Structures are given as C-alpha cells and as structure tokens.
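Next comes my_file.cif, with mmCIF, C-alpha atoms.
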```cif
data_coords
#
loop_
_atom_site.label_atom_id
_atom_site.label_comp_id
_atom_site.auth_asym_id
_atom_site.auth_seq_id
_atom_site.Cartn_x
_atom_site.Cartn_y
_atom_site.Cartn_z
CA MET K 1 -27.76 79.88 27.41
CA LEU K 2 -26.06 81.32 30.51
CA ASP K 3 -25.15 77.80 31.57
CA SER K 4 -23.52 77.24 28.19
CA ILE K 5 -21.39 80.40 28.47
CA GLY K 6 -20.42 79.56 32.05
CA TYR K 7 -19.56 76.03 31.00
CA LYS K 8 -17.29 77.18 28.17
CA THR K 9 -15.50 79.57 30.52
CA LEU K 10 -14.96 76.84 33.10
CA VAL K 11 -13.73 74.37 30.48
CA ASN K 12 -11.20 76.86 29.11
CA ARG K 13 -10.04 77.73 32.60
CA TYR K 14 -9.74 74.24 34.07
CA LYS K 15 -9.16 71.79 31.19
CA ASP K 16 -5.35 71.95 31.48
CA ARG K 17 -5.47 71.74 35.28
CA ILE K 18 -7.74 68.70 35.19
CA TYR K 19 -5.57 67.02 32.57
CA SER K 20 -2.30 67.86 34.39
CA TYR K 21 -3.59 66.58 37.70
CA SER K 22 -4.81 63.38 36.05
CA VAL K 23 -1.49 62.84 34.27
CA TYR K 24 0.46 63.19 37.51
CA MET K 25 -1.92 60.99 39.45
CA LEU K 26 -2.44 58.26 36.85
CA LYS K 27 0.96 58.47 35.10
CA ASN K 28 -0.80 57.63 31.88
CA SER K 29 -1.91 60.17 29.27
CA MET K 30 -4.68 57.95 27.85
CA ASP K 31 -6.32 57.48 31.24
CA ALA K 32 -5.79 61.17 31.97
CA GLU K 33 -7.71 62.02 28.77
CA ASP K 34 -10.55 59.73 29.82
CA VAL K 35 -10.71 61.29 33.28
CA THR K 36 -10.62 64.82 31.84
CA GLN K 37 -13.47 63.98 29.48
CA GLU K 38 -15.50 62.38 32.26
CA VAL K 39 -15.00 65.38 34.56
CA LEU K 40 -16.06 67.81 31.84
CA ILE K 41 -19.16 65.74 31.04
CA ARG K 42 -20.08 65.64 34.73
CA LEU K 43 -19.52 69.38 34.88
CA TRP K 44 -22.00 69.84 32.01
CA LYS K 45 -24.57 67.63 33.71
CA ASN K 46 -24.19 69.42 37.04
CA MET K 47 -24.14 72.99 35.77
CA GLY K 48 -26.42 75.05 37.99
CA LYS K 49 -26.12 72.66 40.90
CA PHE K 50 -23.18 74.56 42.41
CA LYS K 51 -22.19 78.20 42.67
CA LEU K 52 -19.66 79.38 40.07
CA PRO K 53 -17.07 80.61 42.65
CA ALA K 54 -17.04 77.09 44.12
CA ALA K 55 -16.68 75.50 40.70
CA GLY K 56 -12.89 75.16 40.97
CA SER K 57 -13.10 73.10 44.15
CA TRP K 58 -15.94 71.00 42.73
CA ILE K 59 -14.02 70.31 39.52
CA MET K 60 -10.78 69.37 41.25
CA ARG K 61 -12.59 67.24 43.84
CA THR K 62 -14.35 65.36 41.04
CA THR K 63 -11.04 64.96 39.21
CA HIS K 64 -9.32 63.68 42.35
CA ASN K 65 -12.13 61.21 43.11
CA LEU K 66 -12.15 59.92 39.54
CA CYS K 67 -8.36 59.49 39.59
CA ILE K 68 -8.59 57.52 42.81
CA ASP K 69 -11.38 55.38 41.30
CA TYR K 70 -9.22 54.80 38.23
CA LEU K 71 -6.21 53.82 40.29
CA ARG K 72 -8.28 51.40 42.33
CA ARG K 73 -10.19 49.93 39.39
CA ASN K 74 -7.46 49.50 36.85
CA GLN K 75 -4.58 48.63 39.16
CA ILE K 76 -2.41 51.05 37.33
CA ALA K 77 0.66 50.13 39.36
CA ARG K 78 1.61 47.74 36.56
CA GLN K 79 1.48 50.50 33.97
CA ARG K 80 3.47 52.97 36.07
CA SER K 81 6.83 51.47 35.23
CA VAL K 82 5.94 51.60 31.53
CA TYR K 83 5.13 55.27 31.76
CA ILE K 84 8.30 56.04 33.67
CA ASP K 85 10.22 54.14 31.02
CA GLU K 86 8.53 56.35 28.44
CA ASP K 87 9.73 59.36 30.38
CA GLU K 88 13.27 58.08 30.40
CA SER K 89 13.10 57.55 26.67
CA SER K 90 11.95 61.13 26.26
CA GLU K 91 15.03 62.17 28.23
CA GLU K 92 17.13 60.17 25.84
CA LYS K 93 15.39 61.86 22.94
CA ILE K 94 16.28 65.22 24.41
CA MET K 95 19.88 64.03 24.76
CA ASP K 96 19.79 62.94 21.13
CA ASN K 97 18.45 66.34 20.15
CA ASP K 98 21.39 67.83 21.95
CA LYS K 99 23.64 66.00 19.54
CA GLU K 100 21.67 67.60 16.75
CA ASN K 101 23.00 71.03 17.80
CA GLN K 102 20.06 72.04 20.03
CA PRO K 103 20.82 74.92 22.43
CA GLU K 104 22.53 73.24 25.36
CA THR K 105 21.01 75.26 28.15
CA ARG K 106 17.48 74.69 26.89
CA THR K 107 18.04 71.00 26.63
CA GLN K 108 19.52 70.90 30.10
CA GLN K 109 16.49 72.74 31.41
CA ASN K 110 14.15 70.27 29.70
CA ILE K 111 16.02 67.37 31.26
CA VAL K 112 15.69 68.93 34.71
CA LEU K 113 11.96 69.51 34.21
CA GLU K 114 11.43 65.95 33.00
CA ARG K 115 13.34 64.70 36.03
CA ILE K 116 11.18 66.76 38.36
CA LYS K 117 8.00 65.51 36.67
CA SER K 118 9.21 61.96 37.01
CA ALA K 119 10.15 62.50 40.66
CA VAL K 120 6.74 64.06 41.38
CA GLN K 121 5.04 61.04 39.85
CA LYS K 122 7.00 58.79 42.18
CA LEU K 123 5.60 60.53 45.28
CA PRO K 124 2.97 58.68 47.35
CA GLU K 125 -0.58 59.56 46.25
CA ASN K 126 -1.59 61.65 49.28
CA LEU K 127 1.60 63.75 49.11
CA LYS K 128 1.49 64.01 45.34
CA SER K 129 -2.08 65.30 45.18
CA VAL K 130 -1.28 68.11 47.63
CA PHE K 131 2.04 68.91 45.95
CA VAL K 132 0.59 69.04 42.41
CA LEU K 133 -2.39 71.13 43.49
CA TYR K 134 -0.21 73.61 45.38
CA GLU K 135 3.00 73.86 43.39
CA ILE K 136 1.89 73.10 39.82
CA GLU K 137 -1.79 74.04 39.73
CA GLY K 138 -1.45 77.05 42.04
CA PHE K 139 -4.28 76.29 44.48
CA LYS K 140 -4.22 77.71 48.00
CA TYR K 141 -4.15 75.74 51.27
CA LYS K 142 -7.84 76.40 51.91
CA GLU K 143 -8.87 75.31 48.40
CA ILE K 144 -6.79 72.13 48.63
CA SER K 145 -8.34 71.42 52.01
CA SER K 146 -11.84 71.63 50.50
CA VAL K 147 -10.84 69.63 47.40
CA LEU K 148 -9.29 66.74 49.33
CA TYR K 149 -11.48 66.96 52.45
CA ILE K 150 -8.49 67.22 54.78
CA PRO K 151 -7.64 69.87 57.42
CA ILE K 152 -5.43 72.79 56.39
CA ASN K 153 -2.72 71.67 58.82
CA SER K 154 -2.61 68.27 57.11
CA VAL K 155 -2.24 70.04 53.77
CA LYS K 156 0.79 71.90 55.16
CA VAL K 157 2.32 68.74 56.60
CA TYR K 158 1.78 66.75 53.39
CA LEU K 159 3.29 69.56 51.35
CA LEU K 160 6.38 69.67 53.54
CA ARG K 161 6.80 65.89 53.36
CA ALA K 162 6.33 65.99 49.59
CA ARG K 163 9.05 68.63 49.23
CA LYS K 164 11.47 66.56 51.33
CA LYS K 165 10.65 63.39 49.42
CA LEU K 166 11.07 65.18 46.09
CA GLN K 167 14.48 66.42 47.16
CA GLU K 168 15.50 62.85 48.05
CA GLU K 169 14.27 61.56 44.70
CA LEU K 170 16.27 64.21 42.86
CA LYS K 171 19.34 63.36 44.91
CA ASP K 172 18.90 59.72 43.87
CA TYR K 173 18.87 60.85 40.25
CA ALA K 174 22.06 62.81 40.78
CA ARG K 175 23.68 59.80 42.48
CA GLN K 176 22.64 57.49 39.63
CA GLU K 177 24.15 59.88 37.12
CA ALA K 178 27.37 60.16 39.08
CA MET A 179 30.11 71.88 71.35
CA GLN A 180 29.18 74.92 69.27
CA ASP A 181 30.42 73.18 66.10
CA LYS A 182 28.37 70.07 66.88
CA LYS A 183 25.27 72.24 67.22
CA LEU A 184 26.03 73.89 63.93
CA ASN A 185 26.50 70.57 62.12
CA SER A 186 23.31 68.90 63.33
CA ILE A 187 20.21 70.52 61.92
CA SER A 188 16.97 69.94 63.75
CA GLU A 189 13.75 68.96 61.96
CA GLU A 190 12.29 72.32 62.84
CA ILE A 191 15.15 74.19 61.19
CA LEU A 192 14.99 71.92 58.15
CA ASP A 193 11.25 72.62 57.79
CA LYS A 194 11.97 76.33 57.98
CA ILE A 195 14.77 76.03 55.38
CA ILE A 196 12.38 74.26 53.00
CA ALA A 197 9.62 76.82 53.58
CA VAL A 198 12.09 79.67 52.97
CA ALA A 199 13.43 77.99 49.82
CA TYR A 200 9.88 77.67 48.45
CA LYS A 201 9.12 81.26 49.52
CA ASP A 202 6.29 79.96 51.64
CA THR A 203 6.93 81.50 55.07
CA SER A 204 6.97 84.72 57.06
CA LEU A 205 9.58 87.45 56.73
CA ASN A 206 10.78 86.67 60.25
CA ASP A 207 11.69 83.09 59.36
CA ARG A 208 13.36 84.22 56.16
CA ILE A 209 15.63 86.60 58.02
CA SER A 210 16.50 84.06 60.71
CA ILE A 211 17.35 81.38 58.13
CA TYR A 212 19.33 83.90 56.08
CA PHE A 213 21.55 84.68 59.09
CA LEU A 214 21.78 81.03 60.06
CA ALA A 215 22.90 80.13 56.53
CA LYS A 216 25.62 82.76 56.76
CA ARG A 217 26.98 81.14 59.89
CA ASN A 218 26.36 77.48 59.02
CA PRO A 219 27.63 76.07 55.65
CA LYS A 220 25.41 72.99 55.98
CA VAL A 221 22.31 75.14 56.30
CA LYS A 222 23.54 77.22 53.39
CA LYS A 223 24.07 74.12 51.24
CA LEU A 224 20.62 72.78 52.07
CA LEU A 225 19.03 76.15 51.40
CA ILE A 226 20.72 76.37 47.99
CA GLU A 227 19.69 72.82 47.05
CA TYR A 228 16.07 73.30 48.06
CA ARG A 229 15.94 76.75 46.46
CA GLU A 230 17.19 75.30 43.17
CA THR A 231 14.58 72.55 43.27
CA ALA A 232 11.86 75.04 44.20
CA GLY A 233 12.88 77.24 41.28
CA ASN A 234 12.68 74.30 38.89
CA VAL A 235 9.35 73.14 40.32
CA LYS A 236 7.88 76.60 39.69
CA LYS A 237 8.98 76.28 36.06
CA VAL A 238 7.08 73.03 35.50
CA PRO A 239 4.23 73.96 33.15
CA LEU A 240 0.73 72.56 33.19
CA GLU A 241 0.23 69.67 30.79
CA GLU A 242 -1.83 70.83 27.83
CA CYS A 243 -5.15 69.09 27.43
CA PRO A 244 -5.30 67.56 23.91
CA ASP A 245 -7.84 69.05 21.48
CA SER A 246 -9.29 65.60 20.87
CA VAL A 247 -10.72 65.60 24.42
CA ILE A 248 -12.56 68.88 23.84
CA ASN A 249 -13.73 67.82 20.36
CA SER A 250 -15.17 64.56 21.65
CA LEU A 251 -16.81 66.59 24.38
CA LYS A 252 -18.67 68.64 21.75
CA ILE A 253 -20.12 65.44 20.33
CA GLU A 254 -21.14 64.30 23.81
CA THR A 255 -22.87 67.59 24.63
CA ARG A 256 -24.69 67.48 21.28
CA LYS A 257 -25.97 64.05 22.22
CA GLU A 258 -27.13 65.56 25.48
CA LYS A 259 -29.01 68.25 23.57
CA LYS A 260 -30.84 65.55 21.59
CA SER A 261 -32.15 64.07 24.82
CA PHE A 262 -33.82 67.45 25.49
CA PHE A 263 -36.67 66.32 23.22
CA ILE A 264 -37.02 63.02 24.99
CA LYS A 265 -37.84 64.69 28.29
CA PRO A 266 -41.55 63.96 28.97
CA VAL A 267 -42.54 67.57 29.71
CA TYR A 268 -41.17 68.82 26.40
CA ALA A 269 -42.56 65.84 24.52
CA PHE A 270 -46.04 66.52 25.96
CA ALA A 271 -45.83 70.22 25.04
CA ILE A 272 -44.77 69.34 21.49
CA ILE A 273 -47.66 66.85 21.10
CA VAL A 274 -50.19 69.42 22.38
CA LEU A 275 -48.86 71.99 19.93
CA PHE A 276 -49.01 69.52 17.05
CA VAL A 277 -52.58 68.43 17.83
CA SER A 278 -53.83 72.01 18.19
CA ALA A 279 -52.18 72.93 14.87
CA LEU A 280 -53.86 69.94 13.20
CA VAL A 281 -57.29 70.87 14.58
CA PHE A 282 -56.85 74.47 13.45
CA VAL A 283 -55.95 73.42 9.91
CA LEU A 284 -58.88 71.00 9.67
CA THR A 285 -61.47 73.51 10.90
CA ASN A 286 -60.18 76.11 8.46
CA GLN A 287 -60.47 73.64 5.58
CA ASN A 288 -64.17 72.96 6.41
CA LYS A 289 -64.91 76.67 6.48
CA GLU A 290 -63.51 77.08 3.00
CA LYS A 291 -66.04 74.54 1.61
CA GLU A 292 -69.03 76.64 2.69
CA THR A 293 -68.91 78.99 -0.31
CA VAL A 294 -71.67 81.60 -0.84
CA TYR A 295 -73.29 81.80 -4.31
CA SER A 296 -74.91 84.87 -5.88
CA LYS A 297 -78.60 85.05 -6.88
CA VAL A 298 -77.80 85.01 -10.59
CA GLU A 299 -75.71 81.90 -10.12
CA VAL A 300 -78.54 80.22 -8.21
CA GLU A 301 -81.09 81.16 -10.92
CA GLN A 302 -78.76 79.94 -13.62
CA ALA A 303 -78.28 76.71 -11.78
CA GLU A 304 -82.05 76.31 -11.42
CA ILE A 305 -82.51 76.85 -15.17
CA GLN A 306 -79.79 74.33 -15.90
CA VAL A 307 -81.38 71.80 -13.57
CA LYS A 308 -84.80 72.42 -15.18
CA THR A 309 -83.34 72.02 -18.65
CA SER A 310 -81.57 68.83 -17.73
CA LEU A 311 -84.77 67.52 -16.10
CA ALA A 312 -86.77 68.47 -19.20
CA ILE A 313 -84.31 66.62 -21.39
CA LEU A 314 -84.59 63.62 -19.11
CA ASN A 315 -88.38 63.87 -19.20
CA LYS A 316 -88.34 64.01 -22.97
CA VAL A 317 -86.13 60.96 -23.16
CA PHE A 318 -88.32 59.05 -20.73
CA LYS A 319 -91.42 60.04 -22.64
CA LYS A 320 -89.90 58.96 -25.93
CA THR A 321 -88.88 55.65 -24.37
CA GLU A 322 -92.36 55.16 -22.92
CA ASN A 323 -93.96 55.85 -26.29
CA LEU A 324 -91.59 53.49 -28.00
CA ILE A 325 -92.36 50.73 -25.50
CA GLU A 326 -96.11 51.32 -25.64
CA ASP A 327 -96.49 51.80 -29.38
CA ASP A 328 -93.80 49.68 -30.88
CA ILE A 329 -92.22 47.16 -28.54
CA LEU A 330 -95.20 45.95 -26.53
CA PRO A 331 -97.68 45.36 -29.39
CA LYS A 332 -95.24 44.21 -32.07
CA ARG A 333 -92.36 42.52 -30.27
CA VAL A 334 -94.14 41.20 -27.18
CA GLY A 335 -97.89 41.07 -27.91
CA LYS A 336 -97.61 39.50 -31.34
CA PRO A 337 -95.44 36.49 -30.32
CA ILE A 338 -97.64 35.91 -27.28
CA GLN A 339 -100.79 36.03 -29.44
CA LYS A 340 -99.18 33.63 -31.91
CA SER A 341 -98.22 31.23 -29.16
CA PHE A 342 -101.73 31.31 -27.70
CA SER A 343 -103.27 30.51 -31.11
CA ILE A 344 -100.84 27.56 -31.45
CA ILE A 345 -101.86 26.28 -28.04
CA ASN A 346 -105.57 26.69 -28.96
CA GLU A 347 -105.04 24.73 -32.13
CA VAL A 348 -103.38 21.92 -30.26
CA LEU A 349 -105.92 21.77 -27.43
CA ILE A 350 -109.18 22.48 -29.24
CA GLY A 351 -108.09 21.16 -32.56
CA GLY A 352 -108.74 24.15 -34.78
#
```
Structure rendered as structure tokens:
Amino acid sequence: MLDSIGYKTLVNRYKDRIYSYSVYMLKNSMDAEDVTQEVLIRLWKNMGKFKLPAAGSWIMRTTHNLCIDYLRRNQIARQRSVYIDEDESSEEKIMDNDKENQPETRTQQNIVLERIKSAVQKLPENLKSVFVLYEIEGFKYKEISSVLYIPINSVKVYLLRARKKLQEELKDYARQEA
Amino acid sequence: MQDKKLNSISEEILDKIIAVAYKDTSLNDRISIYFLAKRNPKVKKLLIEYRETAGNVKKVPLEECPDSVINSLKIETRKEKKSFFIKPVYAFAIIVLFVSALVFVLTNQNKEKETVYSKVEVEQAEIQVKTSLAILNKVFKKTENLIEDDILPKRVGKPIQKSFSIINEVLIGG
C-alpha cells in the first residue's frame, strides 16, 4: 500500500524528467517512450530496495544506463539525421504559422528554443548527459556525479565544455542563416 | 601591448565569462568579469552572447511524457499484481485455507444427519414397523395356505399322480 503511494508520487515527479532525458539522448520520441516505460516498470519492481531520498539518483542512473544500452543496441546514429530533419520541419511549420498571423515574438522564441534543443542533441553523449541533467532537469553537481558515476570535477568540466560547444553550434546556425 | 592583452582572452577568463553568464559562479568572479567587460568590448560581447544563450537554455521546458506511457504502465502493473497469486507462499496459504474450509463444511454436514427423535416418534415408528410386519406376515401366511391347500395338491400333486399311473399302466400293464 505504502509502496503504491510512494510509486505514484515518484512517477508523477520523474516521468517528464525521464522522458526528456531519453528524448535528448536518443533523439527519438518512440525510443524515449520505451525507455521511460522500462524505467518505470523497473522502479515498480525495485520499490523498497532503495531509500526514497535516493530514488531520484536511482531513477536517472537507470534511465541513463538504458539510454546507453539503446544507443549501443540499435545503432541509432542512422536515425539521428531523420529526427533532426523532423526538427527542421517543425521549425518550418512554426515559420508557416507565422504567416498565419501568429504573434511574431512568440514564434521567434519557439524557433530559438527548437534551435537550442537541436543544438543540445548534437552534443557528444558525455557532455550532453551532464548538460541536460544540470541545465534542463535541474540536478545538482553532486546528484549528477552519483547518477553518472563520475567525479564532481569532471561534471564541472563536462558542463563547461558543453556550454562552449553549444555556443559554437548556435553560431553555426546563425552563420547558416546569414 | 595593453591592447593586445585586452584582445586576447585566456581560457581561464573565457571559463569565468561562461560561468558568470550562466549565473554559476561566486560573487567575486561576477564582479571581476563585470569590470573586465566594461573595459574590454570583446569580453562584453562574449558575455552578452553567452548570457543570451543561457537565458534561452533556462527557458527550455521539460518534454512532457505522453499519457500512453503511463496508461500502458497501469496495464503492466496490473499484470504484476496477477503474479502475486502465482507466488508459491501465497499459493500454499490459499490451498491450506481451501482444504480447511472443505473439511469444516464436510464435518458440519455429517453432524446434521445425526438427528434426535422423540419417544413418541420412536413408539409410532415401532407401531408402524409392527403393522407393516403383520401385514407381511398375513400375506406370507395366505400365500403359504394357498400353496399348501390349492397349488400343491391340485396343480402339482394331481398331474404327478396322473403321470405315475400312466407309467404304471405302461410298465405293469394295468
């Protein structure tokens, strides 16, 4: 009974984080759904085997490991370009919406966010996992260190590199547009 | 010389600029970069660029997990609940309960059959048995009489006697 309540709370709290992380890592919403489902099933099976305060780290570690397994198993590299193409089409859709008298600033903002998402997805896996966990999911250095089994200093270094790389990617976008 | 220094930004300074832009550093570093940006347009430009990106990154929302994932999860967990009964400990407990319930019901049924009769009922039953036995006796007697008086002498004795006299006639010759 208590397990069931705890489980529901954890699902509500982490489902979007698990899904987001999987989407960024796998660049494919279908695979991300599969990973999310698998993580939540594993969570149900392992309820009571870990302390609730440590649940966040356990969940994200499981998510990360499953994403890595997925990337290795399915050789997703081939699908990446497809997904990025999908993203570009969504940008075009937003542009089209603009023509349909959508508020210009909002559309511009959406384009920027899509660009950032796309640029984040292009980051190398080790940098991306740290960046997504810190900047998008809001985890702290210590938590990321325990999720990814890397020292805190490495987390800081990866984060810095990811920020630099992201800036370069966005500059490339700007250049392409120009 | 001073200008050259201002134009080339070291890795250390760049790291600090990024950390300041992402609001991820100490107050000391923020102040130092703020003053440096005032003096150096390149630092200022970099700080603005990174700050803009950082601001946009902070606005990126979490992707919403589709409802279908959670719904399919409910089905999965229900399946898990079904397996609760398959666990040997629970199965054994259920079998023990079932057997004990069966034994209880059976013993109770046997007890119900042992009904107690009153004296009057017993006497009445005795009378009824006697009456039925008397009737049977009467019937048997009647049958016995019929066999002895009617059937044996007339239907059995007579033909036998007749057949004997025929045989005598044949053998002795009258």
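When all atoms listed in the file are used to compute distances to chain A, the closest of the residues K:Glu135, K:Glu125, K:Glu104, K:Asp69 turns out to be K:Glu135.
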Proximity check chain A to chain K, 9 Å, nearest pairs one decimal Å, all atoms listed in the file, as a Markdown table:
```
| residue | atom | partner | partner_atom | distance |
| --- | --- | --- | --- | --- |
| A:Asp193 | CA | K:Leu160 | CA | 7.1 |
| A:Ile196 | CA | K:Arg163 | CA | 7.5 |
| A:Ala197 | CA | K:Leu160 | CA | 7.8 |
| A:Glu227 | CA | K:Gln167 | CA | 8.3 |
| A:Tyr228 | CA | K:Gln167 | CA | 7.1 |
| A:Thr231 | CA | K:Gln167 | CA | 7.3 |
| A:Ala232 | CA | K:Arg163 | CA | 8.6 |
| A:Asn234 | CA | K:Leu113 | CA | 6.7 |
| A:Val235 | CA | K:Ile116 | CA | 6.9 |
| A:Lys236 | CA | K:Glu135 | CA | 6.7 |
| A:Lys237 | CA | K:Leu113 | CA | 7.6 |
| A:Val238 | CA | K:Leu113 | CA | 6.2 |
| A:Pro239 | CA | K:Ile136 | CA | 7.1 |
| A:Leu240 | CA | K:Ser20 | CA | 5.7 |
| A:Glu241 | CA | K:Ser20 | CA | 4.8 |
| A:Glu242 | CA | K:Asp16 | CA | 5.2 |
| A:Cys243 | CA | K:Asp16 | CA | 5.0 |
| A:Pro244 | CA | K:Glu33 | CA | 7.8 |
| A:Ser246 | CA | K:Glu33 | CA | 8.8 |
| A:Val247 | CA | K:Gln37 | CA | 6.0 |
| A:Ile248 | CA | K:Gln37 | CA | 7.5 |
| A:Ser250 | CA | K:Gln37 | CA | 8.0 |
| A:Leu251 | CA | K:Gln37 | CA | 6.6 |
| A:Glu254 | CA | K:Ile41 | CA | 7.6 |
| A:Thr255 | CA | K:Ile41 | CA | 7.6 |
| A:Glu258 | CA | K:Lys45 | CA | 8.9 |
```
Go ahead and save the residues from that selection, with C-alpha atoms, as a PDB file, in the frame of the given file.
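Output saved as result.pdb:
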```pdb
ATOM      1  CA  ASP A 193      11.250  72.620  57.790  1.00  0.00           C
ATOM      2  CA  ILE A 196      12.380  74.260  53.000  1.00  0.00           C
ATOM      3  CA  ALA A 197       9.620  76.820  53.580  1.00  0.00           C
ATOM      4  CA  GLU A 227      19.690  72.820  47.050  1.00  0.00           C
ATOM      5  CA  TYR A 228      16.070  73.300  48.060  1.00  0.00           C
ATOM      6  CA  THR A 231      14.580  72.550  43.270  1.00  0.00           C
ATOM      7  CA  ALA A 232      11.860  75.040  44.200  1.00  0.00           C
ATOM      8  CA  ASN A 234      12.680  74.300  38.890  1.00  0.00           C
ATOM      9  CA  VAL A 235       9.350  73.140  40.320  1.00  0.00           C
ATOM     10  CA  LYS A 236       7.880  76.600  39.690  1.00  0.00           C
ATOM     11  CA  LYS A 237       8.980  76.280  36.060  1.00  0.00           C
ATOM     12  CA  VAL A 238       7.080  73.030  35.500  1.00  0.00           C
ATOM     13  CA  PRO A 239       4.230  73.960  33.150  1.00  0.00           C
ATOM     14  CA  LEU A 240       0.730  72.560  33.190  1.00  0.00           C
ATOM     15  CA  GLU A 241       0.230  69.670  30.790  1.00  0.00           C
ATOM     16  CA  GLU A 242      -1.830  70.830  27.830  1.00  0.00           C
ATOM     17  CA  CYS A 243      -5.150  69.090  27.430  1.00  0.00           C
ATOM     18  CA  PRO A 244      -5.300  67.560  23.910  1.00  0.00           C
ATOM     19  CA  SER A 246      -9.290  65.600  20.870  1.00  0.00           C
ATOM     20  CA  VAL A 247     -10.720  65.600  24.420  1.00  0.00           C
ATOM     21  CA  ILE A 248     -12.560  68.880  23.840  1.00  0.00           C
ATOM     22  CA  SER A 250     -15.170  64.560  21.650  1.00  0.00           C
ATOM     23  CA  LEU A 251     -16.810  66.590  24.380  1.00  0.00           C
ATOM     24  CA  GLU A 254     -21.140  64.300  23.810  1.00  0.00           C
ATOM     25  CA  THR A 255     -22.870  67.590  24.630  1.00  0.00           C
ATOM     26  CA  GLU A 258     -27.130  65.560  25.480  1.00  0.00           C
TER      27      GLU A 258
END
```
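Straight-line separation from CA of Arg13 in chain K to CA of Ile59 in chain K: 10.9 Å.
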12 Å contact set for Lys156 in chain K, only C-alpha atoms, chain neighbours under 2 positions out, as a PDB file with C-alpha atoms, keeping the file's coordinate frame:
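Written out: result07.pdb:
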```pdb
ATOM      1  CA  LEU K 127       1.600  63.750  49.110  1.00  0.00           C
ATOM      2  CA  VAL K 130      -1.280  68.110  47.630  1.00  0.00           C
ATOM      3  CA  PHE K 131       2.040  68.910  45.950  1.00  0.00           C
ATOM      4  CA  TYR K 134      -0.210  73.610  45.380  1.00  0.00           C
ATOM      5  CA  LYS K 140      -4.220  77.710  48.000  1.00  0.00           C
ATOM      6  CA  TYR K 141      -4.150  75.740  51.270  1.00  0.00           C
ATOM      7  CA  LYS K 142      -7.840  76.400  51.910  1.00  0.00           C
ATOM      8  CA  ILE K 144      -6.790  72.130  48.630  1.00  0.00           C
ATOM      9  CA  SER K 145      -8.340  71.420  52.010  1.00  0.00           C
ATOM     10  CA  ILE K 150      -8.490  67.220  54.780  1.00  0.00           C
ATOM     11  CA  PRO K 151      -7.640  69.870  57.420  1.00  0.00           C
ATOM     12  CA  ILE K 152      -5.430  72.790  56.390  1.00  0.00           C
ATOM     13  CA  ASN K 153      -2.720  71.670  58.820  1.00  0.00           C
ATOM     14  CA  SER K 154      -2.610  68.270  57.110  1.00  0.00           C
ATOM     15  CA  TYR K 158       1.780  66.750  53.390  1.00  0.00           C
ATOM     16  CA  LEU K 159       3.290  69.560  51.350  1.00  0.00           C
ATOM     17  CA  LEU K 160       6.380  69.670  53.540  1.00  0.00           C
ATOM     18  CA  ARG K 161       6.800  65.890  53.360  1.00  0.00           C
ATOM     19  CA  ALA K 162       6.330  65.990  49.590  1.00  0.00           C
ATOM     20  CA  ARG K 163       9.050  68.630  49.230  1.00  0.00           C
TER      21      ARG K 163
ATOM     22  CA  ASP A 193      11.250  72.620  57.790  1.00  0.00           C
ATOM     23  CA  ALA A 197       9.620  76.820  53.580  1.00  0.00           C
ATOM     24  CA  ASP A 202       6.290  79.960  51.640  1.00  0.00           C
ATOM     25  CA  THR A 203       6.930  81.500  55.070  1.00  0.00           C
TER      26      THR A 203
END
```
The distance between CA of Glu190 in chain A and CA of Asn218 in chain A is 15.5 Å
Name the residues that the PyMOL selection byres ((chain A and resi 207) around 12) pulls out of this structure, and write them as a ChimeraX atom specification. /A:190-199,201-206,208-215
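Put simply, CA of Thr9 in chain K is 26.2 Å away from CA of Ile68 in chain K.
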